[in-house]
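This is start_19.txt (compact mmCIF, C-alpha atoms).
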```txt
# COMPACT_ATOMS: atom_id res chain seq x y z
CA MET A 1 21.52 -29.20 -17.79
CA GLY A 2 22.24 -25.69 -16.51
CA LEU A 3 19.80 -22.78 -16.51
CA LYS A 4 21.52 -21.04 -19.45
CA MET A 5 21.37 -24.20 -21.56
CA LYS A 6 17.66 -24.61 -20.79
CA GLU A 7 17.03 -20.99 -21.74
CA SER A 8 18.99 -21.44 -24.97
CA LEU A 9 17.02 -24.54 -25.97
CA SER A 10 13.75 -22.81 -25.08
CA LYS A 11 14.66 -19.85 -27.29
CA ILE A 12 15.54 -22.12 -30.23
CA ARG A 13 12.22 -23.93 -29.88
CA ARG A 14 10.26 -20.64 -29.70
CA LYS A 15 11.94 -19.32 -32.84
CA GLU A 16 11.31 -22.61 -34.58
CA GLN A 17 7.61 -22.40 -33.65
CA ILE A 18 7.38 -18.84 -34.98
CA ILE A 19 8.86 -19.94 -38.32
CA GLU A 20 6.53 -22.96 -38.48
CA ILE A 21 3.50 -20.75 -37.86
CA LEU A 22 4.58 -18.29 -40.56
CA ILE A 23 5.36 -21.06 -43.08
CA TYR A 24 1.76 -22.17 -43.02
CA THR A 25 0.06 -18.80 -42.49
CA GLY A 26 2.34 -16.30 -44.25
CA LYS A 27 2.07 -13.56 -41.63
CA ARG A 28 0.79 -13.07 -38.11
CA SER A 29 0.13 -10.22 -35.72
CA LYS A 30 2.27 -9.89 -32.63
CA LYS A 31 -0.84 -10.25 -30.48
CA GLU A 32 -1.67 -13.61 -32.09
CA LEU A 33 1.89 -14.88 -31.60
CA ILE A 34 1.96 -13.79 -27.96
CA GLU A 35 -1.30 -15.62 -27.27
CA ARG A 36 -0.36 -18.75 -29.20
CA LEU A 37 3.16 -19.09 -27.77
CA LYS A 38 2.17 -17.87 -24.30
CA ILE A 39 5.11 -15.48 -24.02
CA SER A 40 5.54 -11.86 -23.03
CA PRO A 41 5.68 -8.98 -25.55
CA THR A 42 9.32 -8.37 -24.52
CA THR A 43 10.31 -11.98 -25.22
CA LEU A 44 8.57 -11.90 -28.59
CA GLU A 45 10.34 -8.68 -29.56
CA LYS A 46 13.73 -10.24 -28.75
CA ASP A 47 12.92 -13.33 -30.83
CA ILE A 48 11.68 -11.21 -33.75
CA LYS A 49 14.85 -9.12 -33.65
CA GLU A 50 17.03 -12.26 -33.86
CA LEU A 51 14.94 -13.71 -36.69
CA GLU A 52 15.27 -10.39 -38.55
CA GLU A 53 19.05 -10.45 -38.11
CA GLU A 54 19.09 -14.02 -39.45
CA GLY A 55 17.25 -12.80 -42.55
CA LEU A 56 14.19 -15.00 -42.01
CA VAL A 57 11.41 -12.49 -41.30
CA TYR A 58 10.53 -8.84 -41.70
CA LYS A 59 8.22 -6.59 -39.69
CA ILE A 60 4.85 -5.51 -41.02
CA TRP A 61 2.29 -3.21 -39.37
CA GLY A 62 1.50 -4.82 -36.03
CA GLY A 63 3.17 -8.13 -36.83
CA ILE A 64 5.75 -10.05 -38.82
CA SER A 65 5.92 -11.95 -42.10
CA LEU A 66 8.15 -14.71 -43.41
CA LYS A 67 10.41 -13.64 -46.24
CA ASP A 68 9.15 -15.02 -49.54
CA GLU A 69 12.35 -16.96 -50.23
CA PHE A 70 11.76 -19.10 -47.13
CA SER A 71 8.16 -20.05 -47.86
CA ILE A 72 7.90 -23.74 -48.52
CA LEU A 73 7.64 -24.18 -52.28
CA PRO A 74 6.90 -27.48 -53.97
CA PHE A 75 10.12 -29.37 -54.68
CA GLU A 76 9.50 -29.11 -58.41
CA LYS A 77 9.61 -25.30 -58.22
CA ARG A 78 12.72 -25.21 -56.03
CA GLU A 79 14.42 -27.67 -58.35
CA ILE A 80 14.55 -25.19 -61.24
CA ILE A 81 15.94 -22.26 -59.22
CA ASN A 82 19.58 -21.72 -60.25
CA ILE A 83 19.34 -24.98 -62.19
CA GLN A 84 22.42 -24.30 -64.35
CA GLU A 85 24.61 -23.70 -61.30
CA LYS A 86 23.26 -26.84 -59.64
CA GLN A 87 24.01 -28.93 -62.72
CA ILE A 88 27.55 -27.53 -62.92
CA ILE A 89 28.14 -28.38 -59.25
CA ALA A 90 26.67 -31.87 -59.68
CA ARG A 91 28.97 -32.66 -62.61
CA GLU A 92 31.99 -31.89 -60.45
CA ALA A 93 30.64 -33.79 -57.46
CA VAL A 94 29.98 -37.04 -59.30
CA LYS A 95 33.67 -37.24 -60.23
CA LEU A 96 34.46 -37.78 -56.54
CA ILE A 97 32.36 -40.94 -56.19
CA ASN A 98 34.41 -44.14 -56.45
CA PRO A 99 33.26 -47.75 -56.95
CA GLY A 100 32.75 -49.66 -53.72
CA GLU A 101 32.08 -46.57 -51.59
CA SER A 102 29.22 -46.00 -49.20
CA ILE A 103 27.98 -42.45 -49.63
CA GLY A 104 25.38 -40.31 -47.94
CA LEU A 105 23.12 -37.90 -49.79
CA SER A 106 21.10 -35.22 -48.05
CA ALA A 107 17.66 -34.15 -49.22
CA GLY A 108 17.50 -31.08 -51.45
CA SER A 109 17.50 -30.00 -55.06
CA THR A 110 21.28 -29.62 -55.53
CA VAL A 111 21.97 -33.11 -54.21
CA TYR A 112 19.08 -34.38 -56.33
CA GLU A 113 20.95 -33.06 -59.38
CA LEU A 114 23.95 -35.10 -58.23
CA ALA A 115 21.76 -38.20 -58.00
CA LYS A 116 20.79 -37.65 -61.63
CA GLN A 117 24.49 -37.76 -62.57
CA ILE A 118 25.21 -41.07 -60.83
CA SER A 119 25.29 -43.88 -63.40
CA SER A 120 23.58 -47.24 -62.96
CA GLY A 121 26.90 -49.10 -62.98
CA SER A 122 28.50 -47.08 -60.18
CA ASN A 123 28.81 -50.05 -57.78
CA ILE A 124 28.12 -47.96 -54.69
CA LYS A 125 25.82 -48.02 -51.69
CA VAL A 126 23.80 -44.89 -51.02
CA VAL A 127 22.22 -43.82 -47.75
CA THR A 128 19.72 -41.01 -48.16
CA TYR A 129 16.80 -39.58 -46.22
CA GLY A 130 15.54 -37.85 -49.38
CA VAL A 131 12.65 -40.01 -50.56
CA ASN A 132 12.65 -38.66 -54.13
CA THR A 133 16.43 -39.10 -54.35
CA ALA A 134 16.09 -42.70 -53.15
CA TYR A 135 13.40 -43.44 -55.74
CA LEU A 136 15.53 -41.97 -58.55
CA LEU A 137 18.55 -44.08 -57.61
CA ILE A 138 16.53 -47.26 -57.08
CA SER A 139 15.15 -46.87 -60.61
CA LYS A 140 18.77 -47.02 -61.85
CA GLY A 141 19.41 -50.26 -59.99
CA ILE A 142 21.65 -48.64 -57.37
CA GLU A 143 21.65 -50.11 -53.86
CA VAL A 144 19.91 -47.61 -51.59
CA ILE A 145 19.42 -47.69 -47.82
CA ILE A 146 16.62 -45.52 -46.48
CA PRO A 147 16.30 -44.73 -42.76
CA GLY A 148 12.91 -44.61 -41.11
CA GLY A 149 11.42 -41.36 -39.96
CA VAL A 150 8.63 -38.85 -40.36
CA TYR A 151 7.98 -37.82 -43.95
CA LYS A 152 8.15 -34.08 -44.67
CA ASP A 153 6.10 -33.48 -47.80
CA SER A 154 7.55 -30.08 -48.76
CA THR A 155 11.14 -31.35 -49.06
CA TYR A 156 10.60 -35.11 -49.54
CA ALA A 157 12.82 -35.60 -46.48
CA LEU A 158 12.61 -38.05 -43.61
CA ILE A 159 13.18 -36.42 -40.23
CA GLY A 160 12.90 -37.24 -36.53
CA ASP A 161 14.49 -39.42 -33.88
CA THR A 162 14.29 -42.63 -35.93
CA THR A 163 16.23 -41.04 -38.79
CA ILE A 164 18.86 -39.65 -36.46
CA GLU A 165 19.35 -42.90 -34.53
CA PHE A 166 19.86 -44.81 -37.77
CA LEU A 167 22.54 -42.38 -38.98
CA ARG A 168 24.34 -42.64 -35.64
CA LYS A 169 24.80 -46.38 -36.14
CA ILE A 170 26.45 -46.36 -39.58
CA HIS A 171 29.67 -45.25 -41.26
CA LEU A 172 29.88 -43.45 -44.62
CA ASP A 173 32.97 -42.92 -46.75
CA LYS A 174 31.60 -39.59 -47.96
CA CYS A 175 28.50 -37.50 -47.68
CA PHE A 176 27.26 -34.88 -50.10
CA LEU A 177 24.99 -32.20 -48.73
CA SER A 178 23.52 -28.81 -49.45
CA VAL A 179 22.02 -26.32 -47.00
CA ASN A 180 20.22 -22.97 -46.96
CA GLY A 181 23.22 -20.93 -45.84
CA ILE A 182 27.00 -21.02 -45.49
CA ASP A 183 29.05 -18.42 -43.64
CA LEU A 184 32.77 -18.14 -42.89
CA ASP A 185 32.22 -17.86 -39.13
CA TYR A 186 28.73 -19.24 -38.51
CA GLY A 187 29.23 -22.33 -40.66
CA LEU A 188 26.45 -24.25 -42.40
CA SER A 189 22.85 -23.62 -41.43
CA GLU A 190 19.26 -24.54 -42.26
CA VAL A 191 15.89 -22.84 -41.94
CA ASP A 192 14.35 -26.07 -40.59
CA ILE A 193 15.81 -27.20 -37.28
CA HIS A 194 14.58 -30.80 -37.79
CA GLU A 195 16.51 -31.21 -41.05
CA ALA A 196 19.53 -29.49 -39.49
CA VAL A 197 19.74 -32.17 -36.79
CA VAL A 198 19.47 -34.97 -39.36
CA LEU A 199 22.21 -33.35 -41.45
CA SER A 200 24.46 -33.07 -38.41
CA ALA A 201 24.04 -36.80 -37.75
CA MET A 202 24.97 -37.64 -41.35
CA ILE A 203 28.07 -35.43 -41.09
CA ASP A 204 29.14 -37.21 -37.89
CA ALA A 205 28.78 -40.56 -39.67
CA SER A 206 31.03 -39.56 -42.60
CA SER A 207 34.79 -39.69 -43.12
CA GLU A 208 34.63 -36.95 -45.74
CA VAL A 209 32.05 -34.15 -45.91
CA ILE A 210 31.39 -32.39 -49.22
CA ALA A 211 29.12 -29.35 -49.40
CA LEU A 212 27.39 -28.55 -52.71
CA MET A 213 26.58 -24.85 -52.59
CA ASP A 214 25.59 -22.44 -55.35
CA TYR A 215 26.61 -18.79 -55.11
CA THR A 216 23.32 -17.61 -53.57
CA LYS A 217 23.95 -19.58 -50.35
CA PHE A 218 27.17 -17.80 -49.31
CA GLY A 219 27.11 -15.20 -46.55
CA ARG A 220 23.75 -16.39 -45.25
CA ARG A 221 22.99 -17.34 -41.65
CA LYS A 222 19.80 -19.29 -41.01
CA LEU A 223 17.91 -20.39 -37.93
CA ALA A 224 19.54 -23.73 -37.15
CA THR A 225 23.27 -24.43 -37.23
CA VAL A 226 24.23 -27.67 -39.00
CA CYS A 227 27.99 -27.66 -38.42
CA LYS A 228 31.04 -25.45 -38.07
CA PRO A 229 33.15 -24.57 -41.13
CA GLU A 230 35.95 -26.87 -39.99
CA ASP A 231 33.56 -29.84 -40.02
CA ILE A 232 33.48 -29.88 -43.82
CA ASP A 233 36.37 -31.02 -46.03
CA LEU A 234 35.39 -29.69 -49.44
CA ILE A 235 33.05 -27.16 -51.00
CA ILE A 236 31.93 -27.43 -54.61
CA THR A 237 30.41 -24.24 -55.98
CA ASP A 238 30.03 -22.25 -59.20
CA ASN A 239 32.11 -19.39 -60.59
CA LYS A 240 29.61 -16.75 -59.46
CA THR A 241 30.59 -17.23 -55.83
CA PRO A 242 32.39 -14.11 -54.49
CA GLN A 243 36.15 -14.54 -54.20
CA VAL A 244 36.15 -13.38 -50.59
CA TYR A 245 34.32 -16.57 -49.58
CA ILE A 246 36.46 -18.83 -51.73
CA GLU A 247 39.67 -17.45 -50.24
CA GLY A 248 38.18 -17.33 -46.75
CA PHE A 249 37.35 -21.03 -46.71
CA LYS A 250 40.69 -21.95 -48.26
CA GLU A 251 42.44 -20.05 -45.45
CA ARG A 252 40.56 -22.27 -43.00
CA GLY A 253 42.00 -25.35 -44.69
CA ILE A 254 38.86 -26.23 -46.65
CA LYS A 255 39.34 -27.19 -50.27
CA VAL A 256 37.12 -25.39 -52.79
CA ILE A 257 36.31 -26.62 -56.30
CA LEU A 258 34.75 -24.25 -58.85
CA GLY A 259 32.54 -25.91 -61.41
CA LYS A 260 32.69 -24.69 -64.99
```
Could you express the structure from this file as structure tokens?
Amino acid sequence: MGLKMKESLSKIRRKEQIIEILIYTGKRSKKELIERLKISPTTLEKDIKELEEEGLVYKIWGGISLKDEFSILPFEKREIINIQEKQIIAREAVKLINPGESIGLSAGSTVYELAKQISSGSNIKVVTYGVNTAYLLISKGIEVIIPGGVYKDSTYALIGDTTIEFLRKIHLDKCFLSVNGIDLDYGLSEVDIHEAVVLSAMIDASSEVIALMDYTKFGRRKLATVCKPEDIDLIITDNKTPQVYIEGFKERGIKVILGK
């Protein structure tokens, strides 16, 4: 691994640590961050500037704070945000699931709405690292395969090396996923780098990748890249999504379905 690659990975890890600290503390002074991360004031300023540009933090007097929208809320609260749009997207997505298929479902509230739409007689196999999604589908009598991993309470997701290794050993006909941000050039991205890596592994395991994204996710760039735009085959969104994004993705050869 070259020096530049090592520096890049180190920077990603530092930024991830800053976000993790803020998630559980809300805000921190620059002095506290410098001491905790054992970095120079110059390095911290560079990291803060990048996190600001990514829309994750904002400066306060003598320190920084995590933007409210990225604080970890209980799943039940996140589930009701833009619920109508999520339901519209889910109704379109379920039409694409065929009997006999093996499908992957990411963790997250939009995909959870899709799970609600899947009927008990679907005759499919589902791989998901979303524990609540798995439980919902199992209660319907659907065959569900759950990878191992470390349980993340705030999102009900399994993460870590065990989860990733499992996904690297399987094949999925389709996967349905949702993320924190989608951008024409930057691609799909997540606030949490651990979930981003798991998502990337699920994408690599799938023949067809379908992104379920409500209008609020477009034009956003988050901390951890999940995949490039060309790695997805289809986007399902709602009719509030700006036309510039719809046309932009279509120009890149990505099909877009608008739910009604």
**Message:** I need every residue sitting at most 9 Å from the point (30.4, -19.2, -53.4) (coordinates as in the file, all atoms listed in the file considered), written as number ranges by chain.
**Reply:** A: 182, 213-219, 235-246, 258
Counting all atoms listed in the file, what is within 12 Å of Lys11 in chain A, bar same-chain residues fewer than 5 positions away, as a short mmCIF file (atom, residue, chain, number, x, y, z; two decimals) with C-alpha atoms, in the coordinates of the input?
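selection.cif was written with the following content:
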```cif
data_model
loop_
_atom_site.label_atom_id
_atom_site.label_comp_id
_atom_site.auth_asym_id
_atom_site.auth_seq_id
_atom_site.Cartn_x
_atom_site.Cartn_y
_atom_site.Cartn_z
CA LYS A 4 21.52 -21.04 -19.45
CA MET A 5 21.37 -24.20 -21.56
CA LYS A 6 17.66 -24.61 -20.79
CA GLU A 16 11.31 -22.61 -34.58
CA GLN A 17 7.61 -22.40 -33.65
CA ILE A 18 7.38 -18.84 -34.98
CA LEU A 37 3.16 -19.09 -27.77
CA ILE A 39 5.11 -15.48 -24.02
CA THR A 43 10.31 -11.98 -25.22
CA LEU A 44 8.57 -11.90 -28.59
CA LYS A 46 13.73 -10.24 -28.75
CA ASP A 47 12.92 -13.33 -30.83
CA ILE A 48 11.68 -11.21 -33.75
CA GLU A 50 17.03 -12.26 -33.86
CA LEU A 51 14.94 -13.71 -36.69
CA LEU A 223 17.91 -20.39 -37.93
CA ALA A 224 19.54 -23.73 -37.15
#
```
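Distance annotation: of A:Leu184, A:Leu105, A:Leu114, A:Leu33, the residue with the minimal separation from Ala205 in chain A is A:Leu105; atom set is only C-alpha atoms.
Within 10 Å of the point (25.9, -48.3, -61.8), counting all atoms listed in the file, the protein and nucleic acid residues come to Pro99, Ile118, Ser119, Ser120, Gly121, Ser122, Asn123, Ile124, Leu137, Lys140, Gly141, Ile142 and Glu143 of chain A.
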Can you spit out the residues from that selection as a PDB file, in the frame of the given file, using C-alpha atoms?
```
ATOM      1  CA  PRO A  99      33.260 -47.750 -56.950  1.00  0.00           C
ATOM      2  CA  ILE A 118      25.210 -41.070 -60.830  1.00  0.00           C
ATOM      3  CA  SER A 119      25.290 -43.880 -63.400  1.00  0.00           C
ATOM      4  CA  SER A 120      23.580 -47.240 -62.960  1.00  0.00           C
ATOM      5  CA  GLY A 121      26.900 -49.100 -62.980  1.00  0.00           C
ATOM      6  CA  SER A 122      28.500 -47.080 -60.180  1.00  0.00           C
ATOM      7  CA  ASN A 123      28.810 -50.050 -57.780  1.00  0.00           C
ATOM      8  CA  ILE A 124      28.120 -47.960 -54.690  1.00  0.00           C
ATOM      9  CA  LEU A 137      18.550 -44.080 -57.610  1.00  0.00           C
ATOM     10  CA  LYS A 140      18.770 -47.020 -61.850  1.00  0.00           C
ATOM     11  CA  GLY A 141      19.410 -50.260 -59.990  1.00  0.00           C
ATOM     12  CA  ILE A 142      21.650 -48.640 -57.370  1.00  0.00           C
ATOM     13  CA  GLU A 143      21.650 -50.110 -53.860  1.00  0.00           C
TER      14      GLU A 143
END
```
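Minimum atom-to-atom distances from A:Arg36, A:Lys49, A:His171, A:Lys59 to Ile103 in chain A were compared using all atoms listed in the file, and the lowest value belongs to A:His171.
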**Request:** Within 12 Å of Tyr135 in chain A, counting only C-alpha atoms, which residues show up once you throw out same-chain ones fewer than 5 positions away? Write them as a ChimeraX atom specification, please.
**Result:** /A:112,115-116,126-130,140-146,156
**Prompt:** Got a sec: who's within 9 Å of Thr225 in chain A, counting all atoms listed in the file, leaving out chain neighbours fewer than 6 positions off, as a ChimeraX atom specification?
**Reply:** /A:186-191,193,196-197,200
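Taking CA of Leu234 in chain A and CA of Ile254 in chain A as the two end points, the separation is 5.6 Å.
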